[in-house]
Amino acid sequence: MIKNINNFTRTIMDKYEQVLELAKRRGFLWNSFEIYGGTAGFYDYGPLGSTLKRRIEQIWRDMYVVQEGFMEIETPTIGIEDVFRASGHVGGFSDPLCECEECGEAFRADHLVEDELDIESAEAMSNNILEDSIKDNEIPCPVCGGKLGSVYSFNLMFNSNIGPGNERPAYLRPETAQGMFINFLRLARYYREKLPFGVTQIGKSYRNEISPRQGVIRLREFTQAEAEIFISPEDKTHPEFDKYADTVLNMYIEDGNGGVVRPIYLDDAVKEGYIAHEYLAYHIALTKDFLLRIGINPDKLRFRQHKKDEMAHYAADCWDAEIESDRFGWIETVGIADRTNYDLKSHTDTSGTELSIYREYEEPEMVNQFTVKPDMSKLGPSFKGKAKAIAEKLKQLPPEELEKDNIQVNVDGEEYTVPSNMVEFTEETVKVSGETIFPHVIEPSYGIDRIIYCVLEHAHNKELVNDDGEEDYRIVLKFKKEVSPIQVAVLPLMSKNDLIKPAKDISARFRKKGLMVSYDDSGTIGRRYRRNDEIGTPYSVTIDYQTLEDNTVTIRDRDTMKQIRLSKDYIEDTVYNLIDGEMKFEDAGTLIET
RNA sequence: GCGGCUGUGGUCUAGUGGUCAUGACAGAGGCUUCCCAAGCCUCUAACCCGGGUUCGAAUCCCGGCAGCCGCACCA
């Protein structure tokens, strides 16, 4: 006999629908602005969702901020135009679109022109040039052959203005990274001018996606956790690499027809040249560590290297952590890139502030320095307007030329003769103790919302529970204990005052210990266990009549449904240690035979 | 943004141009000494939004919004 038949003879829902239905019903994820009809690309985190998210972010902080020592900063979510001009988002983050006037299809104008004219890249072309190019070449609509309309930009950044009027355009940041790059000099000083150092930020980013679907997988407002690690361009080894050398990565390798997942030791991946260098490899392994710790199924995790044409133009190497989901297949959830010095150079060029760091050599170097000093007080009167240009030429001459009594210089096609007393030169050995460099940046960039969906999906289980020959199902979220929003349920066996009072006392003690408690005395005990299974509460403490006699309570384990009985003294410490992983369930009390 | 399909309590659903709408689960209260969604009673709670056609619209039409599928897009 099958109980709960109505629960499971509904319209067949795929895993995604089941997860989202549960997430909606139990307060994890809600579509935003629901009472006004909702808006695609925005989701609210409900009580359990935001708690889950906070716990996951907290683990991220533990790994990146506490363990790695990359301090966290917080910068505005809105940015001025210069920042995004330098980052390339103002020019490059928009797509030139063009619609067919007949059928209304939209196309990438640059792609059309590239194909038609058989040129490499039309990216640099302005909208006007693209439009002219389409008109002149009479490029037709690829779908219906109709006439194509004008070209317009669709920028993926939300825009606004600072202050009144349109004088100061501003954009909602499309990534948190730029806030860290532009603070480079302050950060370098904070870290006392020594490489490597890292900085992190967890926060909201915004992209005005053309057509976001896939629920929480592609959002217009989303949370990123990013680290920017500034390292020496010459030395990309990692001092702690040994820690992860024998980590096995599921590396996804593409060949002509699809691809294969190949397990490979991190050590070998670097040695065989799959991963560019140790520093990047270390952070790929760290990413794996993090994802497994929060409950991603290791069999559904792989790392894929960006193809050359897929890689951002500045990146030297880039890997994605991809997580497999039931409906969407492999989802990119983390990007781990070597961004080289692109961002620091680019902000240097745009702002005029040099975002570099002085690096001292281990040994000072003795360098022959050849200096030419034209005597402007003599050159000026003699050569008037040409003096400056002549001086520049003189500086480029080799010593043997400068030694001549009359030095010949060619400026703008005319020969000038400069007497040797008008220029001095010295050749000396100077001590150079260091140099100015632009560090390279290793960037792990996490899409937190996508990861949360995957955690929910991987935790979601529908289990057959056999009890007295009857078939029964339970839905259980098998969260890692560390991320479960509610950590312990407190349940009086019956809704009776003599059981309620001690149950409430125990709840209070849990709360004092900092544990998130759900107290529940409504409905039968079995129903309450199932409620807690459904939201992933790892432990349920039950107060029964025996509690009143011998001061013991039971703890039920979510995953095994087994129970132990133990004294209620120090119960809060026991549960705390169970969640922390310090104590094993079987060791915490005597197993109850059922 | 284009095309197709869809939109009913918290969730999943039934439904016909004609009494402010079916059922299940969930939820609240009660009864039942109750360790894995038992039972009984009572209760709460919905036709996506806006127009139109009509005596009458949740039902038909149009537009919007949202979801799904396909195309395009996805630094």
# chains A, B, ... in the order shown; residues from 1 in each chain; ligands from 1
>>> select_by_dssp(residues="region 143-350 of chain A", states="strand (DSSP E or B)", output="VMD selection string")
chain A and resid 148 to 155 159 to 161 169 to 172 197 to 206 221 to 231 248 to 254 259 to 265 301 to 305 317 to 325 329 to 340
>>> interface_residues(of="chain B", to="chain A", cutoff="10 Å", atoms="only C-alpha atoms (C1' of nucleotides)", output="short mmCIF file (atom, residue, chain, number, x, y, z; two decimals) with N, CA and C atoms (P, O5', C5', C4', C3', O3' and C1' of nucleotides), in the first residue's frame")
data_model
loop_
_atom_site.label_atom_id
_atom_site.label_comp_id
_atom_site.auth_asym_id
_atom_site.auth_seq_id
_atom_site.Cartn_x
_atom_site.Cartn_y
_atom_site.Cartn_z
P G B 1 10.79 43.32 -24.42
"O5'" G B 1 11.35 42.53 -25.67
"C5'" G B 1 11.93 43.28 -26.71
"C4'" G B 1 12.32 42.36 -27.82
"C3'" G B 1 11.36 41.24 -28.18
"O3'" G B 1 10.25 41.72 -28.90
"C1'" G B 1 13.58 40.44 -28.25
P C B 2 8.86 40.92 -28.89
"O5'" C B 2 9.16 39.77 -29.92
"C5'" C B 2 9.26 40.05 -31.31
"C4'" C B 2 9.52 38.78 -32.09
"C3'" C B 2 8.51 37.66 -31.84
"O3'" C B 2 7.33 37.82 -32.58
"C1'" C B 2 10.71 36.79 -31.74
P G B 3 5.94 37.32 -31.96
"O5'" G B 3 6.07 35.75 -32.16
"C5'" G B 3 5.93 35.17 -33.46
"C4'" G B 3 6.17 33.69 -33.39
"C3'" G B 3 5.28 32.91 -32.43
"O3'" G B 3 4.00 32.65 -32.97
"C1'" G B 3 7.51 32.23 -32.14
P G B 10 -2.45 31.55 -1.73
"O5'" G B 10 -1.31 30.74 -0.96
"C5'" G B 10 -0.01 31.31 -0.83
"C4'" G B 10 0.97 30.24 -0.44
"C3'" G B 10 1.10 29.10 -1.43
"O3'" G B 10 2.05 29.41 -2.42
"C1'" G B 10 0.73 28.22 0.74
P U B 11 1.83 28.90 -3.93
"O5'" U B 11 2.05 27.34 -3.77
"C5'" U B 11 3.35 26.83 -3.51
"C4'" U B 11 3.31 25.32 -3.51
"C3'" U B 11 2.65 24.71 -4.73
"O3'" U B 11 3.55 24.60 -5.81
"C1'" U B 11 1.74 23.73 -2.79
P C B 12 2.98 24.73 -7.30
"O5'" C B 12 2.15 23.39 -7.49
"C5'" C B 12 2.84 22.16 -7.61
"C4'" C B 12 1.87 21.01 -7.62
"C3'" C B 12 0.77 21.08 -8.67
"O3'" C B 12 1.23 20.73 -9.96
"C1'" C B 12 -0.17 20.43 -6.62
P U B 13 0.39 21.20 -11.23
"O5'" U B 13 -1.05 20.68 -10.77
"C5'" U B 13 -2.09 20.49 -11.67
"C4'" U B 13 -3.20 19.76 -10.94
"C3'" U B 13 -4.57 20.00 -11.54
"O3'" U B 13 -4.80 19.12 -12.64
"C1'" U B 13 -4.67 20.28 -9.19
P A B 24 -10.40 16.36 0.06
"O5'" A B 24 -8.86 16.10 -0.25
"C5'" A B 24 -8.43 14.81 -0.69
"C4'" A B 24 -6.99 14.87 -1.12
"C3'" A B 24 -6.03 15.41 -0.07
"O3'" A B 24 -5.65 14.41 0.85
"C1'" A B 24 -5.62 16.50 -2.12
P C B 25 -5.46 14.79 2.35
"O5'" C B 25 -4.06 15.55 2.36
"C5'" C B 25 -2.87 14.84 2.03
"C4'" C B 25 -1.77 15.80 1.67
"C3'" C B 25 -1.40 16.81 2.75
"O3'" C B 25 -0.58 16.26 3.77
"C1'" C B 25 -1.57 17.91 0.67
P A B 26 -0.70 16.81 5.22
"O5'" A B 26 -0.17 18.29 5.07
"C5'" A B 26 1.20 18.53 4.74
"C4'" A B 26 1.44 20.01 4.57
"C3'" A B 26 1.03 20.87 5.75
"O3'" A B 26 2.02 20.89 6.76
"C1'" A B 26 0.19 21.83 3.77
P A B 28 0.35 24.69 12.14
"O5'" A B 28 -0.96 25.51 12.55
"C5'" A B 28 -0.91 26.91 12.70
"C4'" A B 28 -2.27 27.42 13.12
"C3'" A B 28 -2.91 26.65 14.27
"O3'" A B 28 -2.43 27.06 15.53
"C1'" A B 28 -4.47 26.92 12.52
P U B 33 -5.80 9.20 25.17
"O5'" U B 33 -4.35 9.19 24.53
"C5'" U B 33 -3.38 10.16 24.87
"C4'" U B 33 -2.01 9.57 24.82
"C3'" U B 33 -1.98 8.04 24.75
"O3'" U B 33 -1.93 7.68 23.36
"C1'" U B 33 -0.62 8.80 26.54
P C B 34 -1.44 6.29 22.79
"O5'" C B 34 -0.12 6.76 22.03
"C5'" C B 34 0.11 6.32 20.69
"C4'" C B 34 1.10 7.24 20.03
"C3'" C B 34 2.27 7.64 20.93
"O3'" C B 34 3.44 7.63 20.15
"C1'" C B 34 1.31 9.54 19.98
P C B 35 4.47 6.45 20.28
"O5'" C B 35 5.59 7.16 19.41
"C5'" C B 35 5.29 7.65 18.12
"C4'" C B 35 6.52 7.62 17.27
"C3'" C B 35 7.19 6.23 17.22
"O3'" C B 35 7.74 6.04 15.93
"C1'" C B 35 8.69 7.82 18.11
P C B 36 6.97 5.04 14.93
"O5'" C B 36 6.86 5.89 13.61
"C5'" C B 36 5.93 6.97 13.51
"C4'" C B 36 6.41 7.93 12.46
"C3'" C B 36 6.73 7.25 11.14
"O3'" C B 36 6.39 8.13 10.08
"C1'" C B 36 8.63 8.39 11.91
P A B 37 4.81 8.09 9.56
"O5'" A B 37 4.36 9.47 10.17
"C5'" A B 37 4.78 10.67 9.59
"C4'" A B 37 3.58 11.55 9.33
"C3'" A B 37 2.45 10.83 8.60
"O3'" A B 37 1.23 11.47 8.91
"C1'" A B 37 3.36 12.50 7.23
P A B 38 0.20 11.28 9.95
"O5'" A B 38 -0.14 9.73 9.94
"C5'" A B 38 -0.83 9.14 8.83
"C4'" A B 38 -1.82 8.14 9.35
"C3'" A B 38 -3.24 8.65 9.56
"O3'" A B 38 -3.97 8.69 8.35
"C1'" A B 38 -2.56 7.45 11.47
P C B 48 -6.02 33.36 -12.88
"O5'" C B 48 -5.24 34.64 -12.37
"C5'" C B 48 -4.40 34.58 -11.22
"C4'" C B 48 -3.45 35.74 -11.24
"C3'" C B 48 -4.05 37.04 -11.76
"O3'" C B 48 -4.70 37.77 -10.74
"C1'" C B 48 -1.98 36.61 -12.84
P C B 49 -5.95 38.71 -11.15
"O5'" C B 49 -5.23 39.96 -11.82
"C5'" C B 49 -4.38 40.81 -11.06
"C4'" C B 49 -3.83 41.89 -11.95
"C3'" C B 49 -4.88 42.64 -12.76
"O3'" C B 49 -5.50 43.67 -12.00
"C1'" C B 49 -3.10 42.01 -14.18
P C B 65 5.38 43.03 -20.97
"O5'" C B 65 5.22 42.31 -19.56
"C5'" C B 65 5.29 43.05 -18.35
"C4'" C B 65 4.88 42.18 -17.19
"C3'" C B 65 5.61 40.84 -17.09
"O3'" C B 65 6.89 40.95 -16.52
"C1'" C B 65 3.30 40.49 -16.80
P A B 66 8.04 39.96 -16.99
"O5'" A B 66 7.58 38.59 -16.32
"C5'" A B 66 7.59 38.45 -14.91
"C4'" A B 66 6.98 37.14 -14.52
"C3'" A B 66 7.59 35.90 -15.18
"O3'" A B 66 8.77 35.49 -14.53
"C1'" A B 66 5.25 35.79 -15.35
P G B 67 9.85 34.70 -15.38
"O5'" G B 67 9.19 33.26 -15.51
"C5'" G B 67 9.03 32.43 -14.36
"C4'" G B 67 8.33 31.17 -14.74
"C3'" G B 67 8.99 30.38 -15.87
"O3'" G B 67 10.07 29.61 -15.41
"C1'" G B 67 6.67 30.53 -16.26
P C B 68 11.26 29.32 -16.43
"O5'" C B 68 10.65 28.20 -17.38
"C5'" C B 68 10.30 26.93 -16.85
"C4'" C B 68 9.59 26.12 -17.90
"C3'" C B 68 10.34 25.96 -19.22
"O3'" C B 68 11.32 24.94 -19.18
"C1'" C B 68 8.11 26.58 -19.66
P C B 71 17.16 25.84 -29.92
"O5'" C B 71 16.92 27.23 -30.65
"C5'" C B 71 16.78 27.30 -32.05
"C4'" C B 71 16.60 28.72 -32.51
"C3'" C B 71 17.68 29.71 -32.09
"O3'" C B 71 18.86 29.60 -32.89
"C1'" C B 71 15.57 30.69 -31.76
P A B 72 20.26 29.87 -32.21
"O5'" A B 72 20.21 31.41 -31.84
"C5'" A B 72 20.25 32.40 -32.87
"C4'" A B 72 20.03 33.77 -32.28
"C3'" A B 72 20.98 34.17 -31.15
"O3'" A B 72 22.24 34.61 -31.62
"C1'" A B 72 18.77 34.66 -30.51
P C B 73 23.53 34.28 -30.79
"O5'" C B 73 23.32 35.10 -29.45
"C5'" C B 73 23.31 36.53 -29.47
"C4'" C B 73 22.99 37.06 -28.10
"C3'" C B 73 23.90 36.58 -26.97
"O3'" C B 73 25.12 37.31 -26.92
"C1'" C B 73 21.67 36.38 -26.28
P C B 74 26.43 36.55 -26.45
"O5'" C B 74 26.13 36.18 -24.94
"C5'" C B 74 26.10 37.18 -23.93
"C4'" C B 74 25.78 36.57 -22.60
"C3'" C B 74 26.78 35.50 -22.11
"O3'" C B 74 27.91 36.09 -21.50
"C1'" C B 74 24.58 34.70 -21.85
P A B 75 29.32 35.45 -21.70
"O5'" A B 75 30.35 36.66 -21.62
"C5'" A B 75 30.50 37.53 -22.72
"C4'" A B 75 31.50 38.61 -22.39
"C3'" A B 75 32.68 38.13 -21.56
"O3'" A B 75 33.72 37.67 -22.37
"C1'" A B 75 31.66 39.94 -20.47
#
>>> atom_distance(atom1="CA of Phe510 (chain A)", atom2="CA of Gly581 (chain A)")
16.9 Å
>>> atom_distance(atom1="CA of Pro196 (chain A)", atom2="CA of Thr237 (chain A)")
11.0 Å
>>> residues_around(residues="Asp505 (chain A)", least_positions_apart="5", cutoff="12 Å", atoms="only C-alpha atoms (C1' of nucleotides)", output="PDB file with all heavy atoms, in the first residue's frame")
ATOM      1  N   VAL A 490      13.468  20.862  18.473  1.00  0.00           N
ATOM      2  CA  VAL A 490      13.119  20.405  19.815  1.00  0.00           C
ATOM      3  C   VAL A 490      11.641  20.049  19.815  1.00  0.00           C
ATOM      4  O   VAL A 490      10.792  20.888  19.499  1.00  0.00           O
ATOM      5  CB  VAL A 490      13.416  21.483  20.878  1.00  0.00           C
ATOM      6  CG1 VAL A 490      12.973  20.995  22.253  1.00  0.00           C
ATOM      7  CG2 VAL A 490      14.896  21.815  20.880  1.00  0.00           C
ATOM      8  N   LEU A 491      11.363  18.772  20.123  1.00  0.00           N
ATOM      9  CA  LEU A 491      10.015  18.255  19.954  1.00  0.00           C
ATOM     10  C   LEU A 491       9.528  17.530  21.202  1.00  0.00           C
ATOM     11  O   LEU A 491      10.042  16.461  21.531  1.00  0.00           O
ATOM     12  CB  LEU A 491       9.994  17.271  18.776  1.00  0.00           C
ATOM     13  CG  LEU A 491      10.732  17.682  17.497  1.00  0.00           C
ATOM     14  CD1 LEU A 491      10.832  16.496  16.542  1.00  0.00           C
ATOM     15  CD2 LEU A 491      10.030  18.834  16.812  1.00  0.00           C
ATOM     16  N   PRO A 492       8.557  18.088  21.897  1.00  0.00           N
ATOM     17  CA  PRO A 492       7.914  17.298  22.961  1.00  0.00           C
ATOM     18  C   PRO A 492       7.086  16.196  22.289  1.00  0.00           C
ATOM     19  O   PRO A 492       6.414  16.474  21.289  1.00  0.00           O
ATOM     20  CB  PRO A 492       7.025  18.302  23.682  1.00  0.00           C
ATOM     21  CG  PRO A 492       6.887  19.468  22.758  1.00  0.00           C
ATOM     22  CD  PRO A 492       7.992  19.423  21.763  1.00  0.00           C
ATOM     23  N   ASP A 498       3.395  18.979  30.802  1.00  0.00           N
ATOM     24  CA  ASP A 498       4.555  18.453  31.529  1.00  0.00           C
ATOM     25  C   ASP A 498       5.713  18.104  30.590  1.00  0.00           C
ATOM     26  O   ASP A 498       6.852  17.967  31.037  1.00  0.00           O
ATOM     27  CB  ASP A 498       4.168  17.249  32.420  1.00  0.00           C
ATOM     28  CG  ASP A 498       3.227  16.296  31.722  1.00  0.00           C
ATOM     29  OD1 ASP A 498       2.827  16.606  30.575  1.00  0.00           O
ATOM     30  OD2 ASP A 498       2.891  15.252  32.307  1.00  0.00           O
ATOM     31  N   LEU A 499       5.434  17.974  29.290  1.00  0.00           N
ATOM     32  CA  LEU A 499       6.520  17.763  28.324  1.00  0.00           C
ATOM     33  C   LEU A 499       6.960  19.087  27.694  1.00  0.00           C
ATOM     34  O   LEU A 499       8.125  19.265  27.348  1.00  0.00           O
ATOM     35  CB  LEU A 499       6.088  16.792  27.225  1.00  0.00           C
ATOM     36  CG  LEU A 499       5.768  15.363  27.661  1.00  0.00           C
ATOM     37  CD1 LEU A 499       5.353  14.523  26.463  1.00  0.00           C
ATOM     38  CD2 LEU A 499       6.968  14.732  28.355  1.00  0.00           C
ATOM     39  N   ILE A 500       6.003  20.004  27.519  1.00  0.00           N
ATOM     40  CA  ILE A 500       6.299  21.281  26.862  1.00  0.00           C
ATOM     41  C   ILE A 500       7.304  22.093  27.659  1.00  0.00           C
ATOM     42  O   ILE A 500       8.238  22.671  27.102  1.00  0.00           O
ATOM     43  CB  ILE A 500       4.994  22.085  26.632  1.00  0.00           C
ATOM     44  CG1 ILE A 500       4.205  21.432  25.492  1.00  0.00           C
ATOM     45  CG2 ILE A 500       5.295  23.535  26.306  1.00  0.00           C
ATOM     46  CD1 ILE A 500       2.831  22.016  25.270  1.00  0.00           C
ATOM     47  N   PHE A 510      19.736  25.743  23.951  1.00  0.00           N
ATOM     48  CA  PHE A 510      20.310  25.682  22.596  1.00  0.00           C
ATOM     49  C   PHE A 510      20.554  27.084  22.052  1.00  0.00           C
ATOM     50  O   PHE A 510      21.587  27.390  21.471  1.00  0.00           O
ATOM     51  CB  PHE A 510      19.373  24.933  21.645  1.00  0.00           C
ATOM     52  CG  PHE A 510      19.453  23.435  21.773  1.00  0.00           C
ATOM     53  CD1 PHE A 510      18.311  22.653  21.718  1.00  0.00           C
ATOM     54  CD2 PHE A 510      20.682  22.800  21.929  1.00  0.00           C
ATOM     55  CE1 PHE A 510      18.374  21.267  21.824  1.00  0.00           C
ATOM     56  CE2 PHE A 510      20.766  21.416  22.040  1.00  0.00           C
ATOM     57  CZ  PHE A 510      19.606  20.649  21.984  1.00  0.00           C
ATOM     58  N   ARG A 511      19.537  27.938  22.261  1.00  0.00           N
ATOM     59  CA  ARG A 511      19.649  29.296  21.713  1.00  0.00           C
ATOM     60  C   ARG A 511      20.817  30.034  22.343  1.00  0.00           C
ATOM     61  O   ARG A 511      21.539  30.767  21.685  1.00  0.00           O
ATOM     62  CB  ARG A 511      18.346  30.068  21.956  1.00  0.00           C
ATOM     63  CG  ARG A 511      17.193  29.487  21.158  1.00  0.00           C
ATOM     64  CD  ARG A 511      16.036  30.457  21.007  1.00  0.00           C
ATOM     65  NE  ARG A 511      15.103  29.938  20.007  1.00  0.00           N
ATOM     66  CZ  ARG A 511      13.990  29.287  20.322  1.00  0.00           C
ATOM     67  NH1 ARG A 511      13.649  29.114  21.589  1.00  0.00           N
ATOM     68  NH2 ARG A 511      13.211  28.818  19.366  1.00  0.00           N
ATOM     69  N   LYS A 512      20.968  29.819  23.634  1.00  0.00           N
ATOM     70  CA  LYS A 512      22.055  30.481  24.342  1.00  0.00           C
ATOM     71  C   LYS A 512      23.407  30.040  23.791  1.00  0.00           C
ATOM     72  O   LYS A 512      24.367  30.803  23.759  1.00  0.00           O
ATOM     73  CB  LYS A 512      21.972  30.148  25.834  1.00  0.00           C
ATOM     74  CG  LYS A 512      22.450  31.280  26.711  1.00  0.00           C
ATOM     75  CD  LYS A 512      21.887  31.136  28.110  1.00  0.00           C
ATOM     76  CE  LYS A 512      21.822  32.501  28.781  1.00  0.00           C
ATOM     77  NZ  LYS A 512      21.123  32.445  30.062  1.00  0.00           N
ATOM     78  N   TYR A 519      11.411  24.936  17.512  1.00  0.00           N
ATOM     79  CA  TYR A 519      10.586  24.262  18.511  1.00  0.00           C
ATOM     80  C   TYR A 519       9.244  23.972  17.867  1.00  0.00           C
ATOM     81  O   TYR A 519       8.677  24.838  17.193  1.00  0.00           O
ATOM     82  CB  TYR A 519      10.410  25.161  19.738  1.00  0.00           C
ATOM     83  CG  TYR A 519       9.371  24.608  20.699  1.00  0.00           C
ATOM     84  CD1 TYR A 519       9.717  23.676  21.667  1.00  0.00           C
ATOM     85  CD2 TYR A 519       8.031  24.999  20.608  1.00  0.00           C
ATOM     86  CE1 TYR A 519       8.768  23.140  22.519  1.00  0.00           C
ATOM     87  CE2 TYR A 519       7.078  24.474  21.452  1.00  0.00           C
ATOM     88  CZ  TYR A 519       7.444  23.538  22.405  1.00  0.00           C
ATOM     89  OH  TYR A 519       6.504  23.002  23.238  1.00  0.00           O
ATOM     90  N   ILE A 543      11.555  15.065  23.659  1.00  0.00           N
ATOM     91  CA  ILE A 543      11.329  14.970  25.103  1.00  0.00           C
ATOM     92  C   ILE A 543      10.092  14.084  25.293  1.00  0.00           C
ATOM     93  O   ILE A 543       9.023  14.391  24.777  1.00  0.00           O
ATOM     94  CB  ILE A 543      11.087  16.371  25.724  1.00  0.00           C
ATOM     95  CG1 ILE A 543      12.378  17.185  25.704  1.00  0.00           C
ATOM     96  CG2 ILE A 543      10.593  16.246  27.163  1.00  0.00           C
ATOM     97  CD1 ILE A 543      12.692  17.857  24.418  1.00  0.00           C
ATOM     98  N   LYS A 568      19.949  14.694  29.501  1.00  0.00           N
ATOM     99  CA  LYS A 568      19.720  16.025  28.928  1.00  0.00           C
ATOM    100  C   LYS A 568      20.660  17.073  29.512  1.00  0.00           C
ATOM    101  O   LYS A 568      20.662  18.213  29.053  1.00  0.00           O
ATOM    102  CB  LYS A 568      18.251  16.426  29.083  1.00  0.00           C
ATOM    103  CG  LYS A 568      17.786  16.891  30.453  1.00  0.00           C
ATOM    104  CD  LYS A 568      16.322  17.305  30.339  1.00  0.00           C
ATOM    105  CE  LYS A 568      15.604  17.375  31.678  1.00  0.00           C
ATOM    106  NZ  LYS A 568      15.861  18.604  32.425  1.00  0.00           N
ATOM    107  N   ASP A 569      21.488  16.672  30.487  1.00  0.00           N
ATOM    108  CA  ASP A 569      22.517  17.602  30.937  1.00  0.00           C
ATOM    109  C   ASP A 569      23.519  17.781  29.800  1.00  0.00           C
ATOM    110  O   ASP A 569      23.878  16.824  29.131  1.00  0.00           O
ATOM    111  CB  ASP A 569      23.248  17.050  32.169  1.00  0.00           C
ATOM    112  CG  ASP A 569      22.281  16.874  33.335  1.00  0.00           C
ATOM    113  OD1 ASP A 569      21.245  17.568  33.358  1.00  0.00           O
ATOM    114  OD2 ASP A 569      22.555  15.997  34.195  1.00  0.00           O
ATOM    115  N   ILE A 571      23.181  18.763  26.970  1.00  0.00           N
ATOM    116  CA  ILE A 571      22.681  18.388  25.641  1.00  0.00           C
ATOM    117  C   ILE A 571      23.071  19.441  24.601  1.00  0.00           C
ATOM    118  O   ILE A 571      23.358  19.111  23.443  1.00  0.00           O
ATOM    119  CB  ILE A 571      21.136  18.177  25.683  1.00  0.00           C
ATOM    120  CG1 ILE A 571      20.581  17.733  24.326  1.00  0.00           C
ATOM    121  CG2 ILE A 571      20.400  19.424  26.110  1.00  0.00           C
ATOM    122  CD1 ILE A 571      20.847  16.306  23.996  1.00  0.00           C
ATOM    123  N   GLU A 572      23.126  20.705  25.038  1.00  0.00           N
ATOM    124  CA  GLU A 572      23.461  21.761  24.076  1.00  0.00           C
ATOM    125  C   GLU A 572      24.911  21.631  23.591  1.00  0.00           C
ATOM    126  O   GLU A 572      25.212  21.874  22.428  1.00  0.00           O
ATOM    127  CB  GLU A 572      23.187  23.155  24.636  1.00  0.00           C
ATOM    128  CG  GLU A 572      24.053  23.583  25.814  1.00  0.00           C
ATOM    129  CD  GLU A 572      23.455  23.181  27.163  1.00  0.00           C
ATOM    130  OE1 GLU A 572      22.960  22.043  27.272  1.00  0.00           O
ATOM    131  OE2 GLU A 572      23.493  24.009  28.093  1.00  0.00           O
TER     132      GLU A 572
END
>>> atom_distance(atom1="CA of Asp405 (chain A)", atom2="CA of Ser420 (chain A)")
5.0 Å
>>> select_by_dssp(residues="region 253-375 of chain A", states="helix (DSSP H, G or I)", output="ChimeraX atom specification")
/A:266-271,278-293,298-300,342-351
>>> residues_around(residues="region 423-428 of chain A", least_positions_apart="2", cutoff="8 Å", atoms="only C-alpha atoms (C1' of nucleotides)", output="PyMOL selection string")
chain A and resi 368-375+399+402+419-421+430
>>> residues_around(residues="Asp267 (chain A)", least_positions_apart="5", cutoff="10 Å", atoms="only C-alpha atoms (C1' of nucleotides)", output="ChimeraX atom specification")
/A:241-242,244-248,272,275,278,281-282
>>> residues_around(residues="Gly514 (chain A)", least_positions_apart="4", cutoff="12 Å", atoms="only C-alpha atoms (C1' of nucleotides)", output="list in words")
Ile486, Gln487, Val488, Ser507, Ala508, Arg509, Phe510, Glu572, Asp573, Val575, Tyr576 and Ile579 of chain A
>>> closest_residue(among="B:U6, B:C69, B:C31, B:U59", to="C47 (chain B)", atoms="only C-alpha atoms (C1' of nucleotides)")
B:U59
